[in-house]
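To be precise, the following lines are query-v3.csv, and they hold CSV, C-alpha atoms and all ligand atoms.
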chain,number,residue,atom,x,y,z
A,1,MET,CA,0.0,0.0,0.0
A,2,GLU,CA,1.0,3.5,-0.7
A,3,PRO,CA,2.1,5.6,2.4
A,4,ARG,CA,-0.5,8.3,1.3
A,5,ALA,CA,-3.4,5.8,1.4
A,6,ASN,CA,-2.1,4.6,4.9
A,7,PHE,CA,-2.2,8.2,6.1
A,8,SER,CA,-5.8,8.7,4.9
A,9,LEU,CA,-6.9,5.5,6.6
A,10,LEU,CA,-5.3,6.6,9.9
A,11,HIS,CA,-6.9,10.0,9.6
A,12,LYS,CA,-10.4,8.4,9.2
A,13,ALA,CA,-9.8,6.1,12.1
A,14,CYS,CA,-8.8,9.0,14.3
A,15,ALA,CA,-11.9,11.0,13.2
A,16,VAL,CA,-14.2,8.1,14.2
A,17,LEU,CA,-12.4,7.8,17.5
A,18,VAL,CA,-12.9,11.5,18.3
A,19,ALA,CA,-16.6,11.2,17.2
A,20,LEU,CA,-17.0,8.2,19.5
A,21,CYS,CA,-15.3,10.0,22.4
A,22,THR,CA,-17.5,13.1,21.9
A,23,LEU,CA,-20.6,10.9,21.9
A,24,HIS,CA,-19.5,9.1,25.0
A,25,ILE,CA,-18.8,12.4,26.9
A,26,SER,CA,-22.2,13.8,25.7
A,27,VAL,CA,-24.1,10.8,26.9
A,28,THR,CA,-22.3,10.8,30.2
A,29,LEU,CA,-23.0,14.5,30.7
A,30,LEU,CA,-26.6,14.0,29.8
A,31,PHE,CA,-27.1,11.2,32.4
A,32,TYR,CA,-25.2,13.2,35.0
A,33,LEU,CA,-27.3,16.3,34.5
A,34,ARG,CA,-30.5,14.2,34.6
A,35,ASP,CA,-29.5,12.6,37.9
A,36,THR,CA,-28.7,16.0,39.5
A,37,GLY,CA,-32.2,17.2,38.5
A,38,ASN,CA,-33.7,14.1,40.1
A,39,GLU,CA,-32.0,14.8,43.3
A,40,ASN,CA,-33.8,18.1,43.6
A,41,GLU,CA,-37.0,16.3,42.7
A,42,HIS,CA,-36.5,13.9,45.6
A,43,ALA,CA,-35.9,16.8,48.0
A,44,ARG,CA,-39.3,18.4,47.1
A,45,PRO,CA,-42.1,17.5,49.6
A,46,TRP,CA,-45.0,15.4,48.6
A,47,PRO,CA,-47.9,17.4,47.3
A,48,GLY,CA,-50.0,18.8,50.2
A,49,ASN,CA,-47.8,17.1,52.8
A,50,GLY,CA,-44.7,19.0,53.4
A,51,THR,CA,-46.3,22.5,53.4
A,52,LEU,CA,-46.1,24.0,56.9
A,53,ARG,CA,-48.6,26.5,58.1
A,54,SER,CA,-46.8,29.8,58.8
A,55,ILE,CA,-46.5,30.3,62.6
A,56,SER,CA,-46.4,34.1,62.2
A,57,ASN,CA,-49.3,35.8,63.8
A,58,GLY,CA,-49.9,38.4,61.1
A,59,THR,CA,-53.1,38.7,59.0
A,60,SER,CA,-51.4,37.0,56.1
A,61,THR,CA,-51.8,33.2,55.7
A,62,SER,CA,-48.5,32.8,54.0
A,63,THR,CA,-47.0,29.4,53.7
A,64,MET,CA,-43.4,28.2,53.5
A,65,THR,CA,-42.2,25.1,51.7
A,66,SER,CA,-40.5,22.6,53.9
A,67,THR,CA,-37.4,20.8,52.8
A,68,ALA,CA,-38.0,18.3,55.6
A,69,VAL,CA,-38.9,14.7,55.3
A,70,PRO,CA,-42.3,14.0,53.6
A,71,THR,CA,-43.8,12.8,56.9
A,72,THR,CA,-44.5,16.4,58.1
A,73,LYS,CA,-48.2,16.5,58.9
A,74,ALA,CA,-50.6,19.5,58.5
A,75,LEU,CA,-51.6,21.0,61.9
A,76,GLU,CA,-54.7,19.5,63.3
A,77,LYS,CA,-57.6,21.4,64.9
A,78,CYS,CA,-57.3,22.2,68.6
A,79,PRO,CA,-59.5,20.1,70.9
A,80,GLU,CA,-62.8,21.5,72.3
A,81,THR,CA,-61.2,21.6,75.7
A,82,SER,CA,-57.6,22.6,75.9
A,83,PRO,CA,-55.3,20.2,77.6
A,84,LEU,CA,-53.2,23.1,78.9
A,85,LEU,CA,-55.8,24.4,81.3
A,86,VAL,CA,-54.9,24.5,85.0
A,87,GLY,CA,-58.2,25.6,86.6
A,88,PRO,CA,-58.1,28.1,89.5
A,89,ILE,CA,-55.7,31.0,89.2
A,90,ASN,CA,-54.0,33.1,91.9
A,91,VAL,CA,-54.8,36.8,91.2
A,92,ASP,CA,-53.3,39.5,93.4
A,93,PHE,CA,-53.6,43.2,92.9
A,94,SER,CA,-51.6,44.2,96.0
A,95,GLN,CA,-48.3,44.1,94.2
A,96,PRO,CA,-47.4,45.8,90.9
A,97,VAL,CA,-46.9,43.4,88.0
A,98,ASN,CA,-43.9,43.3,85.6
A,99,LEU,CA,-44.7,42.7,81.9
A,100,SER,CA,-41.1,42.6,80.7
A,101,GLU,CA,-40.8,38.8,80.5
A,102,MET,CA,-44.1,38.6,78.7
A,103,ARG,CA,-42.9,41.2,76.2
A,104,GLN,CA,-40.0,38.9,75.3
A,105,ASP,CA,-42.3,36.0,74.4
A,106,PRO,CA,-41.6,35.2,70.7
A,107,ARG,CA,-45.0,33.5,70.4
A,108,VAL,CA,-46.8,36.8,70.9
A,109,SER,CA,-46.5,39.2,68.0
A,110,GLU,CA,-46.8,43.0,67.8
A,111,GLY,CA,-50.2,44.3,68.7
A,112,GLY,CA,-51.0,41.5,71.2
A,113,ARG,CA,-51.6,38.8,68.6
A,114,TYR,CA,-51.1,35.1,69.3
A,115,LYS,CA,-52.0,31.7,67.9
A,116,PRO,CA,-51.0,28.3,69.1
A,117,ARG,CA,-48.2,26.5,67.3
A,118,GLU,CA,-49.4,23.1,68.3
A,119,CYS,CA,-52.9,23.2,66.6
A,120,VAL,CA,-55.3,25.3,64.6
A,121,SER,CA,-57.6,27.3,67.0
A,122,LEU,CA,-61.3,26.6,66.8
A,123,GLN,CA,-62.0,30.4,66.9
A,124,LYS,CA,-60.4,33.6,66.0
A,125,VAL,CA,-61.1,35.9,68.9
A,126,ALA,CA,-60.8,39.7,69.2
A,127,LEU,CA,-60.6,41.0,72.8
A,128,ILE,CA,-62.1,44.4,73.0
A,129,ILE,CA,-61.4,46.6,76.0
A,130,PRO,CA,-63.1,50.0,76.5
A,131,PHE,CA,-60.6,52.4,77.9
A,132,ARG,CA,-59.6,55.7,79.3
A,133,HIS,CA,-57.1,56.6,82.0
A,134,ARG,CA,-56.8,53.1,83.4
A,135,ASP,CA,-53.1,52.2,82.6
A,136,GLU,CA,-52.6,50.4,85.9
A,137,HIS,CA,-55.6,48.2,85.4
A,138,LEU,CA,-54.5,47.5,81.9
A,139,LYS,CA,-51.2,46.2,83.1
A,140,TYR,CA,-52.9,43.7,85.4
A,141,TRP,CA,-55.3,42.7,82.7
A,142,LEU,CA,-52.5,41.9,80.2
A,143,TYR,CA,-50.4,40.2,82.9
A,144,TYR,CA,-53.2,37.8,83.9
A,145,LEU,CA,-55.1,37.4,80.6
A,146,HIS,CA,-52.4,36.7,78.0
A,147,PRO,CA,-51.3,33.4,79.7
A,148,VAL,CA,-54.9,32.4,80.2
A,149,LEU,CA,-55.8,33.0,76.6
A,150,GLN,CA,-52.7,31.1,75.5
A,151,ARG,CA,-53.6,28.1,77.6
A,152,GLN,CA,-57.1,28.3,76.1
A,153,GLN,CA,-55.4,27.7,72.7
A,154,LEU,CA,-57.1,30.7,71.1
A,155,ASP,CA,-56.0,32.6,68.0
A,156,TYR,CA,-56.5,36.1,69.5
A,157,GLY,CA,-55.7,39.8,69.3
A,158,VAL,CA,-56.1,42.4,72.1
A,159,TYR,CA,-57.7,45.7,71.2
A,160,VAL,CA,-57.7,48.6,73.7
A,161,ILE,CA,-60.2,51.2,72.4
A,162,GLU,CA,-59.4,54.5,74.1
A,163,GLN,CA,-61.9,57.4,74.1
A,164,ASP,CA,-60.1,60.5,73.0
A,165,GLY,CA,-60.6,63.8,75.0
A,166,GLU,CA,-62.4,64.3,78.3
A,167,ASP,CA,-66.1,64.3,77.3
A,168,THR,CA,-68.5,61.9,78.9
A,169,PHE,CA,-67.5,58.2,78.6
A,170,ASN,CA,-69.4,55.9,76.3
A,171,ARG,CA,-68.6,52.2,76.9
A,172,ALA,CA,-70.9,50.6,74.3
A,173,LYS,CA,-69.9,52.9,71.5
A,174,LEU,CA,-66.3,52.1,72.2
A,175,LEU,CA,-67.1,48.4,72.0
A,176,ASN,CA,-68.8,48.9,68.6
A,177,VAL,CA,-65.6,50.7,67.4
A,178,GLY,CA,-63.5,47.8,68.6
A,179,TYR,CA,-65.7,45.3,66.6
A,180,ALA,CA,-65.3,47.4,63.4
A,181,GLU,CA,-61.6,48.1,63.8
A,182,ALA,CA,-60.6,44.5,64.7
A,183,LEU,CA,-62.4,43.2,61.7
A,184,LYS,CA,-60.3,45.6,59.5
A,185,GLU,CA,-57.2,43.7,60.7
A,186,TYR,CA,-58.2,40.1,60.7
A,187,ASN,CA,-61.1,37.8,60.0
A,188,TYR,CA,-62.2,37.4,63.6
A,189,ASP,CA,-65.3,35.2,64.1
A,190,CYS,CA,-65.7,35.9,67.8
A,191,PHE,CA,-65.6,39.1,69.9
A,192,VAL,CA,-65.0,39.2,73.7
A,193,PHE,CA,-65.9,42.5,75.3
A,194,SER,CA,-64.1,43.0,78.6
A,195,ASP,CA,-63.9,45.7,81.1
A,196,VAL,CA,-60.3,46.5,81.9
A,197,ASP,CA,-60.6,45.8,85.6
A,198,LEU,CA,-62.0,42.3,85.5
A,199,ILE,CA,-59.8,39.2,85.8
A,200,PRO,CA,-61.0,35.6,85.6
A,201,LEU,CA,-60.1,33.4,88.5
A,202,ASP,CA,-60.3,30.1,86.5
A,203,ASP,CA,-58.9,29.5,83.1
A,204,ARG,CA,-61.7,27.0,82.3
A,205,ASN,CA,-63.9,30.1,81.7
A,206,THR,CA,-63.0,30.1,78.0
A,207,TYR,CA,-62.9,33.5,76.4
A,208,ARG,CA,-64.6,32.3,73.2
A,209,CYS,CA,-68.1,32.2,71.6
A,210,PHE,CA,-70.9,29.7,72.1
A,211,ASP,CA,-74.2,28.8,70.4
A,212,GLN,CA,-75.8,31.7,72.3
A,213,PRO,CA,-74.3,35.1,73.4
A,214,ARG,CA,-72.1,34.3,76.3
A,215,HIS,CA,-71.9,36.2,79.6
A,216,LEU,CA,-68.5,35.4,81.3
A,217,ALA,CA,-68.4,37.6,84.4
A,218,VAL,CA,-71.0,35.7,86.2
A,219,SER,CA,-69.5,35.3,89.6
A,220,MET,CA,-67.8,38.5,90.7
A,221,ASP,CA,-66.1,39.0,94.0
A,222,LYS,CA,-67.8,42.4,94.5
A,223,PHE,CA,-71.2,40.8,94.2
A,224,GLY,CA,-70.3,38.0,96.6
A,225,PHE,CA,-69.6,35.6,93.7
A,226,ARG,CA,-73.1,35.7,92.4
A,227,LEU,CA,-75.1,37.3,89.7
A,228,PRO,CA,-76.5,40.7,90.9
A,229,TYR,CA,-79.6,40.0,88.8
A,230,ASN,CA,-80.7,37.3,86.3
A,231,GLN,CA,-80.5,39.6,83.3
A,232,TYR,CA,-77.1,41.0,84.1
A,233,PHE,CA,-74.9,41.0,81.0
A,234,GLY,CA,-72.1,43.4,82.1
A,235,GLY,CA,-68.4,43.2,82.7
A,236,VAL,CA,-67.3,40.5,80.2
A,237,SER,CA,-69.4,39.1,77.4
A,238,ALA,CA,-68.7,37.3,74.1
A,239,MET,CA,-70.6,37.2,70.8
A,240,SER,CA,-69.9,35.6,67.5
A,241,LYS,CA,-70.0,37.9,64.4
A,242,GLU,CA,-73.4,36.5,63.5
A,243,GLN,CA,-74.9,37.0,67.0
A,244,TYR,CA,-73.5,40.6,67.1
A,245,LEU,CA,-74.9,41.5,63.7
A,246,LYS,CA,-78.3,39.9,64.6
A,247,ILE,CA,-78.7,42.6,67.3
A,248,ASN,CA,-77.3,45.4,65.1
A,249,GLY,CA,-74.3,45.6,67.5
A,250,PHE,CA,-74.6,47.8,70.6
A,251,PRO,CA,-76.3,51.1,71.3
A,252,ASN,CA,-74.2,54.2,70.6
A,253,ASP,CA,-76.3,56.6,72.7
A,254,TYR,CA,-75.6,55.6,76.3
A,255,TRP,CA,-73.3,58.4,77.6
A,256,GLY,CA,-72.1,58.0,81.2
A,257,TRP,CA,-72.5,55.0,83.5
A,258,GLY,CA,-75.1,52.3,83.4
A,259,GLY,CA,-77.8,50.7,81.3
A,260,GLU,CA,-75.9,49.9,78.1
A,261,ASP,CA,-75.4,46.3,79.2
A,262,ASP,CA,-79.1,46.0,79.9
A,263,ASP,CA,-79.9,47.4,76.5
A,264,ILE,CA,-77.6,44.7,75.0
A,265,TYR,CA,-79.4,42.0,77.0
A,266,ASN,CA,-82.8,43.4,75.7
A,267,ARG,CA,-81.5,43.3,72.1
A,268,LEU,CA,-80.5,39.7,72.3
A,269,THR,CA,-83.8,38.5,73.8
A,270,PHE,CA,-85.8,40.5,71.3
A,271,ARG,CA,-83.9,38.6,68.5
A,272,GLY,CA,-84.8,35.3,70.1
A,273,MET,CA,-81.5,34.5,71.7
A,274,SER,CA,-80.7,33.6,75.2
A,275,VAL,CA,-77.6,33.9,77.4
A,276,SER,CA,-75.1,31.2,77.9
A,277,ARG,CA,-73.0,31.2,81.1
A,278,PRO,CA,-70.3,29.1,82.8
A,279,ASP,CA,-71.2,27.8,86.2
A,280,GLY,CA,-70.6,29.9,89.3
A,281,VAL,CA,-67.3,28.3,90.2
A,282,ILE,CA,-65.6,28.4,86.8
A,283,GLY,CA,-67.1,31.9,86.2
A,284,ARG,CA,-65.5,33.4,89.3
A,285,CYS,CA,-63.7,36.7,88.7
A,286,LYS,CA,-62.1,39.5,90.5
A,287,MET,CA,-62.5,43.3,90.0
A,288,ILE,CA,-59.8,45.8,90.7
A,289,ARG,CA,-61.2,48.2,93.2
A,290,HIS,CA,-61.4,51.8,92.1
A,291,SER,CA,-63.3,55.0,92.6
A,292,ARG,CA,-65.8,56.3,90.1
A,293,ASP,CA,-64.1,57.8,87.1
A,294,LYS,CA,-64.6,61.4,86.2
A,295,LYS,CA,-66.9,62.0,83.3
A,296,ASN,CA,-68.6,58.6,83.8
A,297,GLU,CA,-71.4,59.6,86.2
A,298,PRO,CA,-74.6,57.6,86.2
A,299,ASN,CA,-76.6,58.4,83.1
A,300,PRO,CA,-80.0,59.9,84.1
A,301,GLN,CA,-81.5,58.8,80.8
A,302,ARG,CA,-80.6,55.1,81.1
A,303,PHE,CA,-83.9,53.9,82.5
A,304,ASP,CA,-85.9,55.6,79.7
A,305,ARG,CA,-83.5,54.3,77.1
A,306,ILE,CA,-83.7,50.6,78.2
A,307,ALA,CA,-87.4,50.9,78.2
A,308,HIS,CA,-87.3,51.6,74.5
A,309,THR,CA,-84.7,49.2,73.2
A,310,ARG,CA,-87.2,47.5,70.9
A,311,GLN,CA,-87.9,50.8,69.1
A,312,THR,CA,-84.3,52.0,68.9
A,313,MET,CA,-82.2,48.9,68.2
A,314,ASP,CA,-82.7,48.8,64.4
A,315,SER,CA,-81.6,52.4,63.9
A,316,ASP,CA,-79.0,52.7,66.6
A,317,GLY,CA,-76.1,50.2,66.4
A,318,ILE,CA,-73.3,49.1,64.2
A,319,ASN,CA,-75.3,50.3,61.2
A,320,SER,CA,-75.3,53.9,62.5
A,321,LEU,CA,-71.8,54.0,64.0
A,322,THR,CA,-69.6,57.0,63.3
A,323,TYR,CA,-66.2,57.8,64.7
A,324,ARG,CA,-62.8,59.1,63.8
A,325,VAL,CA,-59.5,57.2,64.5
A,326,VAL,CA,-57.1,59.6,66.1
A,327,ARG,CA,-54.2,57.3,66.6
A,328,THR,CA,-53.3,53.6,66.4
A,329,GLU,CA,-50.4,52.3,68.6
A,330,LYS,CA,-49.0,48.8,68.3
A,331,ASP,CA,-47.6,47.7,71.7
A,332,LYS,CA,-46.2,44.2,71.9
A,333,LEU,CA,-49.1,43.1,74.1
A,334,PHE,CA,-52.0,45.1,72.6
A,335,THR,CA,-53.2,47.4,69.9
A,336,LYS,CA,-54.4,50.7,71.2
A,337,ILE,CA,-56.8,52.6,69.0
A,338,THR,CA,-57.6,56.1,70.2
A,339,VAL,CA,-60.9,57.4,68.8
A,340,ASP,CA,-63.0,60.5,68.7
A,341,ILE,CA,-66.5,59.3,69.3
A,342,GLY,CA,-68.1,62.7,69.8
A,343,LYS,CA,-70.1,63.7,72.8
A,344,PRO,CA,-73.7,63.5,74.0
B,1,LIG,N1,-63.7,52.8,81.6
B,1,LIG,C1,-62.4,53.4,81.5
B,1,LIG,N2,-62.3,54.6,81.9
B,1,LIG,C2,-63.3,55.4,82.4
B,1,LIG,C3,-64.5,54.7,82.6
B,1,LIG,C4,-64.7,53.4,82.2
B,1,LIG,O1,-61.5,52.8,81.0
B,1,LIG,O2,-63.1,56.5,82.7
B,1,LIG,C5,-63.9,51.4,81.1
B,1,LIG,C6,-63.1,50.3,81.9
B,1,LIG,O3,-62.8,49.3,81.0
B,1,LIG,C7,-64.1,49.9,82.9
B,1,LIG,C8,-65.4,49.9,82.0
B,1,LIG,O4,-65.2,51.0,81.2
B,1,LIG,O5,-63.8,48.7,83.4
B,1,LIG,C9,-66.7,50.0,82.8
B,1,LIG,O6,-66.6,51.1,83.6
B,1,LIG,P1,-67.7,51.4,84.7
B,1,LIG,O7,-67.3,52.7,85.4
B,1,LIG,O8,-69.0,51.4,84.1
B,1,LIG,O9,-67.7,50.2,85.6
B,1,LIG,P2,-67.0,49.9,86.9
B,1,LIG,O10,-67.7,48.7,87.4
B,1,LIG,O11,-67.2,51.1,87.9
B,1,LIG,O12,-65.5,49.7,86.6
B,1,LIG,C10,-68.5,51.5,88.3
B,1,LIG,C11,-68.4,52.6,89.3
B,1,LIG,C12,-67.6,52.2,90.5
B,1,LIG,C13,-67.9,53.1,91.7
B,1,LIG,C14,-67.3,52.5,92.9
B,1,LIG,C15,-67.4,53.3,94.1
B,1,LIG,N3,-66.7,52.7,95.2
B,2,LIG,C1,-77.3,48.0,87.0
B,2,LIG,C2,-77.0,48.8,85.8
B,2,LIG,C3,-76.0,48.1,84.9
B,2,LIG,C4,-74.8,47.7,85.7
B,2,LIG,C5,-75.2,46.9,86.9
B,2,LIG,C6,-74.0,46.6,87.8
B,2,LIG,O1,-78.2,48.7,87.8
B,2,LIG,O2,-75.7,48.9,83.8
B,2,LIG,O3,-76.1,47.7,87.7
B,2,LIG,O4,-73.3,47.7,88.1
B,2,LIG,N1,-78.2,49.2,85.1
B,2,LIG,C7,-78.8,50.3,85.2
B,2,LIG,O5,-78.4,51.3,85.8
B,2,LIG,C8,-80.1,50.5,84.4
B,2,LIG,S1,-72.1,47.7,89.0
B,2,LIG,O6,-72.5,47.3,90.3
B,2,LIG,O7,-71.1,46.8,88.4
B,2,LIG,O8,-71.5,49.1,89.0
B,2,LIG,O9,-73.9,47.0,84.9

Please go through the file and, once you have read it, give me the structure as structure tokens.
Amino acid sequence: MEPRANFSLLHKACAVLVALCTLHISVTLLFYLRDTGNENEHARPWPGNGTLRSISNGTSTSTMTSTAVPTTKALEKCPETSPLLVGPINVDFSQPVNLSEMRQDPRVSEGGRYKPRECVSLQKVALIIPFRHRDEHLKYWLYYLHPVLQRQQLDYGVYVIEQDGEDTFNRAKLLNVGYAEALKEYNYDCFVFSDVDLIPLDDRNTYRCFDQPRHLAVSMDKFGFRLPYNQYFGGVSAMSKEQYLKINGFPNDYWGWGGEDDDIYNRLTFRGMSVSRPDGVIGRCKMIRHSRDKKNEPNPQRFDRIAHTRQTMDSDGINSLTYRVVRTEKDKLFTKITVDIGKP
């Protein structure tokens, strides 16, 4: 054979070898890349299983994707009766309380918002406190109530509704404002209306809503741990959104002390509802003793007003509420909304 023909054959053989090598490298690379992709695939959680509910207490319901093992379960509903309850509570107003430890609690988020990490609460509860010049009482309320509400496994927020200015106090109108403002923030389905100076003595008195409007302050120390009268609906009460709307909320026209709670009682009976209550032991509570507030003298018109609830309730209530928010402050343990509600 000629040397030129030999060279041509060698050249062809080399070209085939290079082509084979390139093919080999390409195939190896292809398999390598596909395997890397599959590793990511395996790390992805199973659909609907590895998605954790966000534990943040904000209004958003954001979710985060877990890279954990696919056995992560979605949170279950909390039980009807919380296993964390302890029963009777020691309440002492003779010493000042310190809230600093409570303020460090990472489970409570700005504005006094909390939800359990261990389960999904059965109700979203807004706690509404009518307020003016009662800072000392508010400290006790926060100190005793936050742990109770947490043990009750509630998804809750605390709203202190402060009346701006020094005109005559109007408790029921402030409660209406609390209802409206809390709903702007979160989809609450239950509203607990609590005086700032009332502390439960037993955590089995759950601050949530029931089939009928609930009266919670049924056994107060100042009344010898009894109801002062059967129709009494003052101090602390709870209503679902539905129950509250059924009675057109609360009256806006009770300026000064007394009668507004009786008007609310009238409203709920006129709408065919009854009052639900805990028993007299579980319902025990303690009031912080104080003198009468300025600008909250007994309202001389209260007897006349409660005699006309049936006529006034459809036009005076949440459907006629007007007010102006002056200021909103987010404390770690509560949201304070200062409002101008006008005057008599
Ligand atoms: N409230 C304030 N500031 C006021 C008035 C009332 O924050 O100036 C709020 C507070 O949440 C209070 C609730 O409204 O718990 C009800 O107030 P209230 O004055 O109707 O009821 P309370 O039972 O006092 O606290 C009644 C008069 C007590 C006189 C006692 C005389 N020894
Ligand atoms: C009634 C009042 C209620 C009040 C209740 C208890 O007489 O608003 O006493 O008051 N009704 C009228 O005045 C019409 S307390 O002893 O807690 O100050 O809630």

Within 7 Å of ligand LIG 2 (chain B), which residues show up when you count all atoms listed in the file? List them as a list in words, please.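 Protein and nucleic-acid residues within 7 Å of ligand LIG 2 (chain B): Tyr232, Gly234, Trp257, Gly258, Gly259, Glu260, Asp261, Asp262, Arg302 and Phe303 of chain A.
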
Separation of CA of Gly111 in chain A and CA of Ile129 in chain A, in Å? 13.6 Å

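Minimum atom-to-atom distances from A:Asn170, A:Thr335, A:Asn252, A:Thr206 to ligand LIG 1 (chain B) were compared using all atoms listed in the file, and the lowest value belongs to A:Asn170.
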
Surroundings of ligand LIG 1 (chain B) up to 10 Å, based on all atoms listed in the file, as a PyMOL selection string: chain A and resi 128-135+137-138+160-163+166-172+174-175+193-198+222+234-236+256-261+287-298

To one decimal place, how far is CA of Ile318 in chain A from CA of Gly249 in chain A in Å?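 Those two atoms sit 4.9 Å apart.
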
Excluding Arg151 in chain A and its own-chain neighbours fewer than 5 positions away, which residues fall within 8 Å of it when counting only C-alpha atoms? Please give them as a ChimeraX atom specification. /A:82,84-85,203

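Here CA of Tyr229 in chain A stands at a distance of 22.1 Å from CA of Cys209 in chain A.
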
Find, counting only C-alpha atoms, the residue in A:Pro116, A:Pro228, A:Pro213, A:Gly157 that gets nearest to Glu242 in chain A.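 Smallest separation from Glu242 in chain A among the options: A:Pro213.
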
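Using all atoms listed in the file, the residues found no farther than 9 Å from Val275 in chain A, other than those of its own chain fewer than 3 positions away, are Gln212, Pro213, Arg214, His215, Gln231, Phe233, Tyr265, Leu268 and Thr269 of chain A.
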
Show which residues sit within 12 Å of Arg107 in chain A, as JSON, numbers by chain. Count all atoms listed in the file, and ignore same-chain residues fewer than 2 positions away. {"A": [55, 56, 57, 58, 102, 103, 104, 105, 109, 110, 112, 113, 114, 115, 116, 117, 118, 146, 147, 150, 155, 156, 332, 333]}

Compute the distance from (-69.5, 38.3, 68.9) to each atom, counting all atoms listed in the file, keep the residues with any atom at most 10 Å away, and return them as a PyMOL selection string; use the coordinates of the file. chain A and resi 125-126+179+188-193+208-210+212-214+237-246+249

Test item: which residues lie within 10 Å of (-61.8, 23.2, 67.3) counting all atoms listed in the file, as an mmCIF file with C-alpha atoms, in the frame of the given file:
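point-v7.cif, written as the output of this step:
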data_model
loop_
_atom_site.group_PDB
_atom_site.id
_atom_site.type_symbol
_atom_site.label_atom_id
_atom_site.label_comp_id
_atom_site.auth_asym_id
_atom_site.auth_seq_id
_atom_site.Cartn_x
_atom_site.Cartn_y
_atom_site.Cartn_z
ATOM 1 C CA GLU A 76 -54.700 19.500 63.300
ATOM 2 C CA LYS A 77 -57.600 21.400 64.900
ATOM 3 C CA CYS A 78 -57.300 22.200 68.600
ATOM 4 C CA PRO A 79 -59.500 20.100 70.900
ATOM 5 C CA GLU A 80 -62.800 21.500 72.300
ATOM 6 C CA THR A 81 -61.200 21.600 75.700
ATOM 7 C CA SER A 82 -57.600 22.600 75.900
ATOM 8 C CA CYS A 119 -52.900 23.200 66.600
ATOM 9 C CA VAL A 120 -55.300 25.300 64.600
ATOM 10 C CA SER A 121 -57.600 27.300 67.000
ATOM 11 C CA LEU A 122 -61.300 26.600 66.800
ATOM 12 C CA GLN A 123 -62.000 30.400 66.900
ATOM 13 C CA GLN A 153 -55.400 27.700 72.700
ATOM 14 C CA LEU A 154 -57.100 30.700 71.100
#

Selected residue, from A:Phe225, A:Trp255, A:Tyr159, A:Tyr186, that lies nearest to Lys286 in chain A when counting all atoms listed in the file: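 Under the stated criterion, the closest residue is A:Phe225.
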
Name all residues at most 9 Å from Ile282 in chain A (count all atoms listed in the file; drop same-chain ones fewer than 4 positions away) and give them as a list in words.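 Those residues are Gly87, Pro88, Pro200, Leu201, Asp202, Asp203, Arg204, Asn205, Ser219 and Pro278 of chain A.
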
Completion of range 180-189 of chain A up to N, CA, C and O atoms, as a PDB file, in the frame of the given file:
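And here is the file that came out, out37.pdb:
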ATOM      1  N   ALA A 180     -65.573  46.972  64.816  1.00  0.00           N
ATOM      2  CA  ALA A 180     -65.300  47.400  63.400  1.00  0.00           C
ATOM      3  C   ALA A 180     -63.814  47.466  63.129  1.00  0.00           C
ATOM      4  O   ALA A 180     -63.368  47.018  62.067  1.00  0.00           O
ATOM      5  N   GLU A 181     -63.027  47.961  64.070  1.00  0.00           N
ATOM      6  CA  GLU A 181     -61.600  48.100  63.800  1.00  0.00           C
ATOM      7  C   GLU A 181     -60.868  46.752  63.810  1.00  0.00           C
ATOM      8  O   GLU A 181     -59.969  46.533  63.007  1.00  0.00           O
ATOM      9  N   ALA A 182     -61.258  45.867  64.703  1.00  0.00           N
ATOM     10  CA  ALA A 182     -60.600  44.500  64.700  1.00  0.00           C
ATOM     11  C   ALA A 182     -60.834  43.809  63.435  1.00  0.00           C
ATOM     12  O   ALA A 182     -59.919  43.186  62.886  1.00  0.00           O
ATOM     13  N   LEU A 183     -62.047  43.917  62.912  1.00  0.00           N
ATOM     14  CA  LEU A 183     -62.400  43.200  61.700  1.00  0.00           C
ATOM     15  C   LEU A 183     -61.582  43.762  60.468  1.00  0.00           C
ATOM     16  O   LEU A 183     -61.379  43.053  59.486  1.00  0.00           O
ATOM     17  N   LYS A 184     -61.136  45.005  60.568  1.00  0.00           N
ATOM     18  CA  LYS A 184     -60.300  45.600  59.500  1.00  0.00           C
ATOM     19  C   LYS A 184     -58.946  44.872  59.444  1.00  0.00           C
ATOM     20  O   LYS A 184     -58.245  44.917  58.447  1.00  0.00           O
ATOM     21  N   GLU A 185     -58.572  44.289  60.585  1.00  0.00           N
ATOM     22  CA  GLU A 185     -57.200  43.700  60.700  1.00  0.00           C
ATOM     23  C   GLU A 185     -57.180  42.216  60.429  1.00  0.00           C
ATOM     24  O   GLU A 185     -56.179  41.706  59.920  1.00  0.00           O
ATOM     25  N   TYR A 186     -58.211  41.525  60.784  1.00  0.00           N
ATOM     26  CA  TYR A 186     -58.200  40.100  60.700  1.00  0.00           C
ATOM     27  C   TYR A 186     -59.592  39.544  60.662  1.00  0.00           C
ATOM     28  O   TYR A 186     -60.514  40.206  61.140  1.00  0.00           O
ATOM     29  N   ASN A 187     -59.742  38.362  60.130  1.00  0.00           N
ATOM     30  CA  ASN A 187     -61.100  37.800  60.000  1.00  0.00           C
ATOM     31  C   ASN A 187     -61.570  37.125  61.244  1.00  0.00           C
ATOM     32  O   ASN A 187     -61.777  35.916  61.283  1.00  0.00           O
ATOM     33  N   TYR A 188     -61.731  37.933  62.298  1.00  0.00           N
ATOM     34  CA  TYR A 188     -62.200  37.400  63.600  1.00  0.00           C
ATOM     35  C   TYR A 188     -63.599  36.833  63.441  1.00  0.00           C
ATOM     36  O   TYR A 188     -64.424  37.409  62.726  1.00  0.00           O
ATOM     37  N   ASP A 189     -63.874  35.729  64.157  1.00  0.00           N
ATOM     38  CA  ASP A 189     -65.300  35.200  64.100  1.00  0.00           C
ATOM     39  C   ASP A 189     -65.910  35.311  65.498  1.00  0.00           C
ATOM     40  O   ASP A 189     -67.089  35.002  65.654  1.00  0.00           O
TER      41      ASP A 189
END
